[in-house]
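Structure file structure-v6.cif (mmCIF, C-alpha atoms (C1' of nucleotides)) follows.
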data_final
#
loop_
_atom_site.label_atom_id
_atom_site.label_comp_id
_atom_site.auth_asym_id
_atom_site.auth_seq_id
_atom_site.Cartn_x
_atom_site.Cartn_y
_atom_site.Cartn_z
CA MET A 956 -32.79 6.50 25.62
CA LYS A 957 -32.49 4.95 22.19
CA ARG A 958 -29.68 5.01 19.73
CA GLY A 959 -30.73 8.11 17.82
CA GLN A 960 -31.06 10.13 20.97
CA LEU A 961 -27.69 9.02 22.23
CA ALA A 962 -26.26 9.99 18.86
CA LYS A 963 -27.82 13.41 19.06
CA ARG A 964 -26.68 14.07 22.60
CA THR A 965 -23.08 13.10 21.95
CA GLY A 966 -22.74 14.21 18.38
CA CYS A 967 -21.68 10.72 17.41
CA ASN A 968 -22.93 9.20 14.19
CA ALA A 969 -25.66 6.70 15.01
CA GLU A 970 -24.11 4.00 12.87
CA THR A 971 -20.83 4.42 14.64
CA ILE A 972 -22.48 3.55 17.93
CA ARG A 973 -23.54 0.26 16.45
CA TYR A 974 -20.05 -0.26 15.10
CA TYR A 975 -18.45 0.37 18.49
CA GLU A 976 -20.74 -2.21 19.96
CA LYS A 977 -19.75 -4.69 17.29
CA ILE A 978 -16.05 -4.34 18.03
CA ASP A 979 -16.66 -4.54 21.78
CA LEU A 980 -15.69 -0.98 22.53
CA MET A 981 -19.18 -0.24 23.76
CA PRO A 982 -21.11 -2.84 25.74
CA GLU A 983 -24.31 -4.40 24.45
CA PRO A 984 -27.12 -2.38 25.99
CA LEU A 985 -30.40 -3.78 27.17
CA ARG A 986 -33.13 -4.12 24.58
CA SER A 987 -36.74 -3.08 24.69
CA ALA A 988 -39.46 -5.63 24.07
CA SER A 989 -39.34 -4.82 20.38
CA GLY A 990 -35.58 -5.08 20.20
CA TYR A 991 -34.54 -1.43 20.42
CA ARG A 992 -31.28 -0.66 22.20
CA GLN A 993 -31.73 1.21 25.47
CA TYR A 994 -28.96 3.43 26.72
CA ASP A 995 -28.37 5.29 29.97
CA GLU A 996 -25.92 7.91 31.23
CA THR A 997 -23.07 5.46 31.72
CA HIS A 998 -23.26 4.60 28.04
CA GLU A 999 -23.27 8.26 27.20
CA GLN A 1000 -20.23 9.00 29.32
CA ARG A 1001 -18.33 6.08 27.95
CA LEU A 1002 -19.11 7.14 24.41
CA ARG A 1003 -17.96 10.69 25.07
CA PHE A 1004 -14.74 9.34 26.45
CA VAL A 1005 -14.21 7.22 23.36
CA MET A 1006 -14.99 10.07 20.99
CA ARG A 1007 -12.60 12.43 22.64
CA GLY A 1008 -9.92 9.82 22.84
CA ARG A 1009 -10.23 9.23 19.10
CA GLU A 1010 -9.98 12.94 18.37
CA LEU A 1011 -6.81 13.00 20.39
CA GLY A 1012 -5.22 10.27 18.41
CA PHE A 1013 -5.72 7.24 20.62
CA THR A 1014 -6.22 4.02 18.75
CA ILE A 1015 -9.19 1.76 19.33
CA GLU A 1016 -6.86 -0.62 21.12
CA ASP A 1017 -5.58 2.21 23.31
CA LEU A 1018 -9.12 3.00 24.27
CA LYS A 1019 -10.02 -0.59 24.96
CA SER A 1020 -7.07 -0.81 27.25
CA LEU A 1021 -7.90 2.50 28.89
CA LEU A 1022 -11.46 1.42 29.38
CA SER A 1023 -10.39 -1.86 30.84
CA LEU A 1024 -9.30 0.35 33.71
CA VAL A 1025 -12.96 0.93 34.18
CA ASP A 1026 -14.30 -2.47 33.36
CA ARG A 1027 -11.41 -4.18 35.07
CA ASN A 1028 -12.42 -7.70 34.72
CA ALA A 1029 -9.86 -9.49 36.79
CA VAL A 1030 -7.33 -6.71 36.36
CA SER A 1031 -5.31 -5.96 39.42
CA CYS A 1032 -4.87 -2.50 40.77
CA GLY A 1033 -1.17 -2.68 40.09
CA GLU A 1034 -1.80 -3.32 36.43
CA VAL A 1035 -4.27 -0.52 36.27
CA GLU A 1036 -1.60 1.77 37.56
CA LYS A 1037 0.92 0.59 35.02
CA LEU A 1038 -1.47 1.05 32.16
CA ALA A 1039 -2.45 4.50 33.30
CA LYS A 1040 1.19 5.49 33.55
CA VAL A 1041 1.90 4.42 30.00
CA HIS A 1042 -0.95 6.53 28.73
CA LEU A 1043 0.01 9.39 30.96
CA ARG A 1044 3.43 9.50 29.40
CA SER A 1045 2.05 9.49 25.89
CA VAL A 1046 -0.43 12.21 26.75
CA ARG A 1047 2.35 14.37 28.16
CA GLU A 1048 4.44 13.87 25.06
CA LYS A 1049 1.53 14.95 22.94
CA ILE A 1050 1.06 18.04 25.04
CA ASP A 1051 4.74 18.93 24.71
CA ASP A 1052 4.70 18.56 20.96
CA LEU A 1053 1.53 20.55 20.62
CA LYS A 1054 2.97 23.32 22.76
CA GLN A 1055 5.94 23.55 20.44
CA MET A 1056 3.60 23.64 17.53
CA GLU A 1057 1.62 26.35 19.24
CA SER A 1058 4.64 28.54 19.72
CA VAL A 1059 5.71 28.20 16.11
CA LEU A 1060 2.24 29.08 14.92
CA ARG A 1061 2.07 31.98 17.32
CA ASP A 1062 5.32 33.34 15.93
CA THR A 1063 4.06 32.80 12.43
CA VAL A 1064 0.97 34.83 13.10
CA ARG A 1065 3.00 37.55 14.78
CA SER A 1066 5.66 37.92 12.15
CA CYS A 1067 3.26 37.55 9.27
CA SER A 1068 0.87 40.16 10.51
CA GLY A 1069 3.68 42.67 10.46
CA LYS A 1070 5.85 43.30 7.47
CA ASP A 1071 7.05 40.94 4.84
CA VAL A 1072 7.73 37.29 5.14
CA PRO A 1073 10.45 35.92 7.34
CA GLU A 1074 11.20 32.28 6.82
CA CYS A 1075 8.76 30.56 9.11
CA ALA A 1076 10.45 27.31 9.82
CA LEU A 1077 7.76 25.08 11.15
CA ILE A 1078 9.55 21.92 10.28
CA ASP A 1079 13.01 23.06 11.27
CA THR A 1080 11.88 24.17 14.66
CA LEU A 1081 9.77 21.21 15.27
CA PHE A 1082 11.13 18.20 13.57
CA GLY A 1083 14.79 17.78 13.79
CA VAL A 1084 15.57 14.17 14.49
CA ARG A 1085 14.52 13.35 17.94
CA ARG A 1086 12.92 10.64 20.01
CA MET B 675 18.88 7.19 0.76
CA LYS B 676 16.25 4.87 -0.68
CA ARG B 677 12.77 4.13 0.45
CA GLY B 678 13.56 1.20 2.69
CA GLN B 679 16.19 3.13 4.55
CA LEU B 680 13.91 6.11 5.07
CA ALA B 681 11.29 3.72 6.37
CA LYS B 682 13.72 2.21 8.80
CA ARG B 683 15.00 5.55 10.05
CA THR B 684 11.56 6.99 10.66
CA GLY B 685 9.70 3.87 11.65
CA CYS B 686 7.20 4.50 8.88
CA ASN B 687 5.91 1.62 6.82
CA ALA B 688 7.66 1.66 3.44
CA GLU B 689 4.40 1.35 1.55
CA THR B 690 2.97 4.28 3.40
CA ILE B 691 5.75 6.48 2.08
CA ARG B 692 4.67 5.61 -1.42
CA TYR B 693 1.08 6.28 -0.48
CA TYR B 694 1.90 9.73 0.91
CA GLU B 695 3.62 10.57 -2.34
CA LYS B 696 0.58 9.47 -4.30
CA ILE B 697 -1.75 11.75 -2.36
CA ASP B 698 0.71 14.65 -2.62
CA LEU B 699 1.52 14.80 1.04
CA MET B 700 5.14 13.97 0.33
CA PRO B 701 6.86 15.42 -2.74
CA GLU B 702 8.11 13.21 -5.55
CA PRO B 703 11.77 12.62 -4.84
CA LEU B 704 14.49 12.43 -7.43
CA ARG B 705 15.05 9.06 -9.04
CA SER B 706 18.24 7.14 -9.63
CA ALA B 707 19.13 6.02 -13.15
CA SER B 708 17.31 2.77 -12.56
CA GLY B 709 14.24 4.46 -11.17
CA TYR B 710 14.78 4.14 -7.42
CA ARG B 711 13.49 6.97 -5.24
CA GLN B 712 16.21 9.00 -3.56
CA TYR B 713 15.49 10.78 -0.32
CA ASP B 714 17.42 13.27 1.77
CA GLU B 715 17.09 14.79 5.25
CA THR B 716 14.38 17.22 4.24
CA HIS B 717 12.21 14.31 3.21
CA GLU B 718 12.96 12.61 6.47
CA GLN B 719 11.99 15.65 8.53
CA ARG B 720 8.83 16.18 6.60
CA LEU B 721 7.85 12.57 7.05
CA ARG B 722 8.48 12.76 10.79
CA PHE B 723 6.31 15.83 10.91
CA VAL B 724 3.53 14.02 9.12
CA MET B 725 3.79 10.94 11.28
CA ARG B 726 3.69 12.88 14.50
CA GLY B 727 0.89 15.05 13.20
CA ARG B 728 -1.19 11.95 12.54
CA GLU B 729 -0.52 10.70 16.05
CA LEU B 730 -1.67 14.02 17.35
CA GLY B 731 -4.97 13.64 15.59
CA PHE B 732 -4.50 15.90 12.58
CA THR B 733 -6.20 14.79 9.40
CA ILE B 734 -4.33 14.44 6.13
CA GLU B 735 -5.98 17.65 4.98
CA ASP B 736 -4.90 19.43 8.16
CA LEU B 737 -1.35 18.38 7.46
CA LYS B 738 -1.45 19.43 3.85
CA SER B 739 -2.65 22.83 4.89
CA LEU B 740 -0.16 23.05 7.72
CA LEU B 741 2.61 22.09 5.36
CA SER B 742 1.53 24.71 2.89
CA LEU B 743 2.79 27.15 5.49
CA VAL B 744 6.19 25.61 4.96
CA ASP B 745 5.99 25.15 1.23
CA ARG B 746 4.53 28.60 0.69
CA ASN B 747 3.21 28.08 -2.71
CA ALA B 748 2.46 31.59 -3.75
CA VAL B 749 0.42 32.20 -0.64
CA SER B 750 0.11 35.77 0.49
CA CYS B 751 1.21 36.83 3.89
CA GLY B 752 -2.34 37.60 4.89
CA GLU B 753 -3.44 34.12 4.02
CA VAL B 754 -0.57 32.56 5.88
CA GLU B 755 -1.66 34.49 8.89
CA LYS B 756 -5.25 33.38 8.58
CA LEU B 757 -4.27 29.77 8.14
CA ALA B 758 -1.89 29.85 11.05
CA LYS B 759 -4.61 31.31 13.24
CA VAL B 760 -7.01 28.55 12.37
CA HIS B 761 -4.45 25.92 13.22
CA LEU B 762 -3.44 27.75 16.32
CA ARG B 763 -6.95 27.50 17.62
CA SER B 764 -7.21 23.80 16.90
CA VAL B 765 -3.82 23.15 18.48
CA ARG B 766 -4.92 24.96 21.61
CA GLU B 767 -8.10 22.94 21.79
CA LYS B 768 -6.11 19.77 21.54
CA ILE B 769 -3.84 20.92 24.32
CA ASP B 770 -6.81 21.68 26.54
CA ASP B 771 -8.35 18.31 25.90
CA LEU B 772 -5.11 16.53 26.57
CA LYS B 773 -4.61 18.44 29.78
CA GLN B 774 -7.97 17.25 30.99
CA MET B 775 -7.05 13.76 30.06
CA GLU B 776 -3.73 14.15 31.80
CA SER B 777 -5.36 15.18 35.03
CA VAL B 778 -7.70 12.24 34.90
CA LEU B 779 -4.83 9.86 34.36
CA ARG B 780 -2.78 11.53 37.07
CA ASP B 781 -5.60 11.10 39.54
CA THR B 782 -6.01 7.56 38.39
CA VAL B 783 -2.41 6.75 39.08
CA ARG B 784 -2.58 8.43 42.44
CA SER B 785 -5.77 6.85 43.66
CA CYS B 786 -4.73 3.50 42.37
CA SER B 787 -1.15 3.36 43.34
CA GLY B 788 -0.11 0.30 45.17
CA LYS B 789 -2.18 -2.50 46.35
CA ASP B 790 -4.75 -4.79 45.02
CA VAL B 791 -8.04 -3.29 46.01
CA PRO B 792 -11.18 -4.25 44.21
CA GLU B 793 -12.86 -0.91 44.48
CA CYS B 794 -10.83 1.78 42.77
CA ALA B 795 -12.29 5.24 42.83
CA LEU B 796 -10.98 5.83 39.34
CA ILE B 797 -14.16 4.79 37.65
CA ASP B 798 -15.94 7.91 38.73
CA THR B 799 -12.96 10.02 37.94
CA LEU B 800 -12.55 8.67 34.47
CA PHE B 801 -16.19 8.94 33.66
CA GLY B 802 -16.40 12.47 34.93
CA VAL B 803 -14.43 13.59 31.90
CA ARG B 804 -16.45 15.76 29.67
CA ARG B 805 -16.02 18.61 27.36
"C1'" DA C 670 -55.46 4.54 10.14
"C1'" DT C 671 -51.82 6.03 8.00
"C1'" DA C 672 -47.86 8.74 7.16
"C1'" DA C 673 -43.54 10.30 9.28
"C1'" DA C 674 -39.96 9.22 11.91
"C1'" DC C 675 -37.71 6.16 14.19
"C1'" DC C 676 -35.26 1.46 14.92
"C1'" DC C 677 -33.55 -3.19 13.38
"C1'" DT C 678 -30.08 -6.21 10.41
"C1'" DG C 679 -26.91 -6.89 6.86
"C1'" DT C 680 -24.02 -5.18 3.39
"C1'" DA C 681 -21.53 -2.01 0.57
"C1'" DG C 682 -18.87 2.12 0.20
"C1'" DG C 683 -14.81 5.56 1.30
"C1'" DG C 684 -10.39 7.17 3.43
"C1'" DA C 685 -6.08 5.83 5.11
"C1'" DC C 686 -3.20 2.76 5.10
"C1'" DT C 687 -0.83 -2.23 4.38
"C1'" DA C 688 0.34 -6.36 2.02
"C1'" DC C 689 1.10 -9.00 -1.98
"C1'" DA C 690 2.35 -10.41 -6.89
"C1'" DG C 691 5.30 -10.23 -10.60
"C1'" DA C 692 9.14 -8.02 -12.52
"C1'" DG C 693 13.56 -5.31 -12.53
"C1'" DT C 694 18.18 -3.85 -9.94
"C1'" DC C 695 22.22 -4.40 -7.28
"C1'" DA C 696 26.03 -6.11 -4.21
"C1'" DA C 697 28.45 -10.11 -2.65
"C1'" DG C 698 30.13 -14.87 -2.75
"C1'" DG C 699 31.42 -18.95 -5.34
"C1'" DC D 1212 30.83 -14.38 -14.86
"C1'" DC D 1213 26.86 -16.31 -12.61
"C1'" DT D 1214 23.88 -16.87 -9.08
"C1'" DT D 1215 21.54 -15.81 -4.94
"C1'" DG D 1216 19.32 -12.83 -1.87
"C1'" DA D 1217 17.89 -8.44 -0.53
"C1'" DC D 1218 16.03 -4.58 -2.22
"C1'" DT D 1219 13.15 -1.70 -5.48
"C1'" DC D 1220 9.57 -0.85 -8.89
"C1'" DT D 1221 4.35 -0.85 -10.39
"C1'" DG D 1222 -0.34 -1.99 -9.81
"C1'" DT D 1223 -3.89 -4.10 -7.27
"C1'" DA D 1224 -6.23 -6.17 -3.49
"C1'" DG D 1225 -7.09 -6.35 1.37
"C1'" DT D 1226 -7.71 -4.27 6.21
"C1'" DC D 1227 -9.35 -1.01 9.63
"C1'" DC D 1228 -12.46 2.50 10.97
"C1'" DC D 1229 -16.08 4.27 10.12
"C1'" DT D 1230 -20.51 5.87 7.19
"C1'" DA D 1231 -24.37 5.20 4.22
"C1'" DC D 1232 -27.87 2.65 2.20
"C1'" DA D 1233 -31.67 -1.10 1.52
"C1'" DG D 1234 -35.39 -3.54 2.99
"C1'" DG D 1235 -37.92 -4.39 6.69
"C1'" DG D 1236 -40.41 -3.76 11.52
"C1'" DT D 1237 -42.09 -0.25 15.36
"C1'" DT D 1238 -43.63 4.08 17.46
"C1'" DT D 1239 -45.70 8.51 17.34
"C1'" DA D 1240 -48.60 12.13 15.77
"C1'" DT D 1241 -52.14 13.74 13.21
#
Please express what this file holds, its structure, as structure tokens.
Amino acid sequence: MKRGQLAKRTGCNAETIRYYEKIDLMPEPLRSASGYRQYDETHEQRLRFVMRGRELGFTIEDLKSLLSLVDRNAVSCGEVEKLAKVHLRSVREKIDDLKQMESVLRDTVRSCSGKDVPECALIDTLFGVRR
Amino acid sequence: MKRGQLAKRTGCNAETIRYYEKIDLMPEPLRSASGYRQYDETHEQRLRFVMRGRELGFTIEDLKSLLSLVDRNAVSCGEVEKLAKVHLRSVREKIDDLKQMESVLRDTVRSCSGKDVPECALIDTLFGVRR
DNA sequence: ATAAACCCTGTAGGGACTACAGAGTCAAGG
DNA sequence: CCTTGACTCTGTAGTCCCTACAGGGTTTAT
């Protein structure tokens, strides 16, 4: 498939696909005789992975390193494991924080839908000095 | 405390603090006689909240709106509820996405753990991630 | 055959920072 | 005191991550 179709299928901006290629986050695809990029499912999957990772707050460098797990040019299995563990920890921390946020918001909705305003303390609950 | 100290305590770039003030994400702090910004713990907590929120993938606008729940600028209880519900949904989506990512990484660590094999099964696992 | 709808490249714009230049402030040591 | 160094102020310019043209070639459909 060509760039526009890949864009449509993934919801990614077509220009962004080109940009990701430029910064070596996406590999250079094969070209048709007339120079059009030709993508397949592996490109699509990789792009979806990147998009979701970005939504979740991973940096481009994070994603490059995560994807090196896949590309693994001369990366040993031990290193792969280490890298994955680092990301696993950060993912779990994100989940924990979001769960706290969820509970505060849930309480907010509950108490607000009833009578008058309590002091919803989003920040207090969530962001005392920590970590 | 002054800007540099707040920066050091939170790990935020000192210039970024000024930037957040400019875009009304952080409030203008009091100034000393000579014009230096003076921050207290509430500023620190708010900044931590913002920083973490960014890491969790919230946009600046998300954070402004989320913080309006704290600031409560003449917002009615009904609106607070509506706003909280919107954010609650997006928080839950983030949690779901991260959980998927967590399971992928967990499997990765498991299937990879130990030796130096060239053919890790993690490629399939990682690329199976979809929404 | 010719418009519409794509694709190509390069470049310029916008949002969110980040760094720098030139000037003022402050605490400490000589 | 005076100086020196670390810090702050403002404004502006640069970077990173996209996103949107402009000017051209290609494919598809009528």
Inset, instruction - Enter the distance from CA of Lys1040 (chain A) to CA of Arg784 (chain B), in Å, rounded to one decimal. - result: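 Between these atoms lies a distance of 10.1 Å.
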Write out, as CSV, each residue of chain A that has an atom at most 9 Å from chain C, together with the closest pair of atoms and their distance in Å to one decimal, counting only C-alpha atoms (C1' of nucleotides), rows going by chain and rising number.
residue,atom,partner,partner_atom,distance
A:Lys957,CA,C:DC676,C1',8.5
A:Arg958,CA,C:DC676,C1',8.2
A:Gly959,CA,C:DC675,C1',8.1
A:Gly990,CA,C:DC677,C1',7.4
A:Tyr991,CA,C:DC676,C1',6.3
A:Arg992,CA,C:DC676,C1',8.6
Sort by chain and increasing residue number a table of all residues of chain A within 12 Å of chain D, each with its closest pair of atoms and their distance in Å to one decimal, counting only C-alpha atoms (C1' of nucleotides), and write it as a tab-separated table.
residue	atom	partner	partner_atom	distance
A:Cys967	CA	D:DC1229	C1'	11.2
A:Asn968	CA	D:DT1230	C1'	8.1
A:Ala969	CA	D:DT1230	C1'	9.4
A:Glu970	CA	D:DT1230	C1'	7.0
A:Thr971	CA	D:DC1229	C1'	6.6
A:Ile972	CA	D:DC1229	C1'	10.1
A:Arg973	CA	D:DC1229	C1'	10.6
A:Tyr974	CA	D:DC1229	C1'	7.8
A:Tyr975	CA	D:DC1229	C1'	9.5
A:Ile978	CA	D:DC1228	C1'	10.5
A:Ser987	CA	D:DT1237	C1'	11.1
A:Ala988	CA	D:DT1237	C1'	10.6
A:Ser989	CA	D:DT1237	C1'	7.3
A:Gly990	CA	D:DT1237	C1'	9.4
A:Tyr991	CA	D:DT1237	C1'	9.2
A:Arg1009	CA	D:DC1228	C1'	10.8
A:Thr1014	CA	D:DC1228	C1'	10.1
A:Ile1015	CA	D:DC1228	C1'	9.0
A:Glu1016	CA	D:DC1227	C1'	11.8
Inset, instruction - Tell me, as a PyMOL selection string, which residues lie within 12 Å of Val1046 (chain A), counting only C-alpha atoms (C1' of nucleotides); anything in the same chain fewer than 6 positions away does not count. - result: (chain A and resi 1008+1011-1013+1017+1039-1040+1052-1053) or (chain B and resi 729-730+768-780)
How would the residues just chosen look if you wrote them out with C-alpha atoms as a PDB file, keeping the file's coordinate frame?
ATOM      1  CA  GLY A1008      -9.920   9.820  22.840  1.00  0.00           C
ATOM      2  CA  LEU A1011      -6.810  13.000  20.390  1.00  0.00           C
ATOM      3  CA  GLY A1012      -5.220  10.270  18.410  1.00  0.00           C
ATOM      4  CA  PHE A1013      -5.720   7.240  20.620  1.00  0.00           C
ATOM      5  CA  ASP A1017      -5.580   2.210  23.310  1.00  0.00           C
ATOM      6  CA  ALA A1039      -2.450   4.500  33.300  1.00  0.00           C
ATOM      7  CA  LYS A1040       1.190   5.490  33.550  1.00  0.00           C
ATOM      8  CA  ASP A1052       4.700  18.560  20.960  1.00  0.00           C
ATOM      9  CA  LEU A1053       1.530  20.550  20.620  1.00  0.00           C
TER      10      LEU A1053
ATOM     11  CA  GLU B 729      -0.520  10.700  16.050  1.00  0.00           C
ATOM     12  CA  LEU B 730      -1.670  14.020  17.350  1.00  0.00           C
ATOM     13  CA  LYS B 768      -6.110  19.770  21.540  1.00  0.00           C
ATOM     14  CA  ILE B 769      -3.840  20.920  24.320  1.00  0.00           C
ATOM     15  CA  ASP B 770      -6.810  21.680  26.540  1.00  0.00           C
ATOM     16  CA  ASP B 771      -8.350  18.310  25.900  1.00  0.00           C
ATOM     17  CA  LEU B 772      -5.110  16.530  26.570  1.00  0.00           C
ATOM     18  CA  LYS B 773      -4.610  18.440  29.780  1.00  0.00           C
ATOM     19  CA  GLN B 774      -7.970  17.250  30.990  1.00  0.00           C
ATOM     20  CA  MET B 775      -7.050  13.760  30.060  1.00  0.00           C
ATOM     21  CA  GLU B 776      -3.730  14.150  31.800  1.00  0.00           C
ATOM     22  CA  SER B 777      -5.360  15.180  35.030  1.00  0.00           C
ATOM     23  CA  VAL B 778      -7.700  12.240  34.900  1.00  0.00           C
ATOM     24  CA  LEU B 779      -4.830   9.860  34.360  1.00  0.00           C
ATOM     25  CA  ARG B 780      -2.780  11.530  37.070  1.00  0.00           C
TER      26      ARG B 780
END
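Shortest atom-to-atom contact with chain B among A:Glu999, A:Asp1062, A:Glu1036, A:Glu1048: A:Glu1036, counting only C-alpha atoms.
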Legend entry - Gap from CA of Leu741 (chain B) to CA of Leu699 (chain B) - Å, one decimal: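 Those two atoms sit 8.5 Å apart.
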Legend entry - Interatomic distance (Å, one decimal) between CA of Pro982 (chain A) and CA of Arg964 (chain A):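 These two atoms are separated by 18.1 Å.
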Legend entry - Which residue of B:Gln719, B:Leu740, B:Asp698, B:Tyr713 approaches chain A most closely, using all atoms listed in the file: B:Gln719
Hey, could you pull the box centre and edge lengths for region 962-978 of chain A, axis-aligned, 3 Å padding per side, all listed atoms, to one decimal in Å, as lines of an AutoDock Vina configuration file?
center_x = -21.9
center_y = 4.8
center_z = 17.7
size_x = 17.8
size_y = 24.9
size_z = 15.7
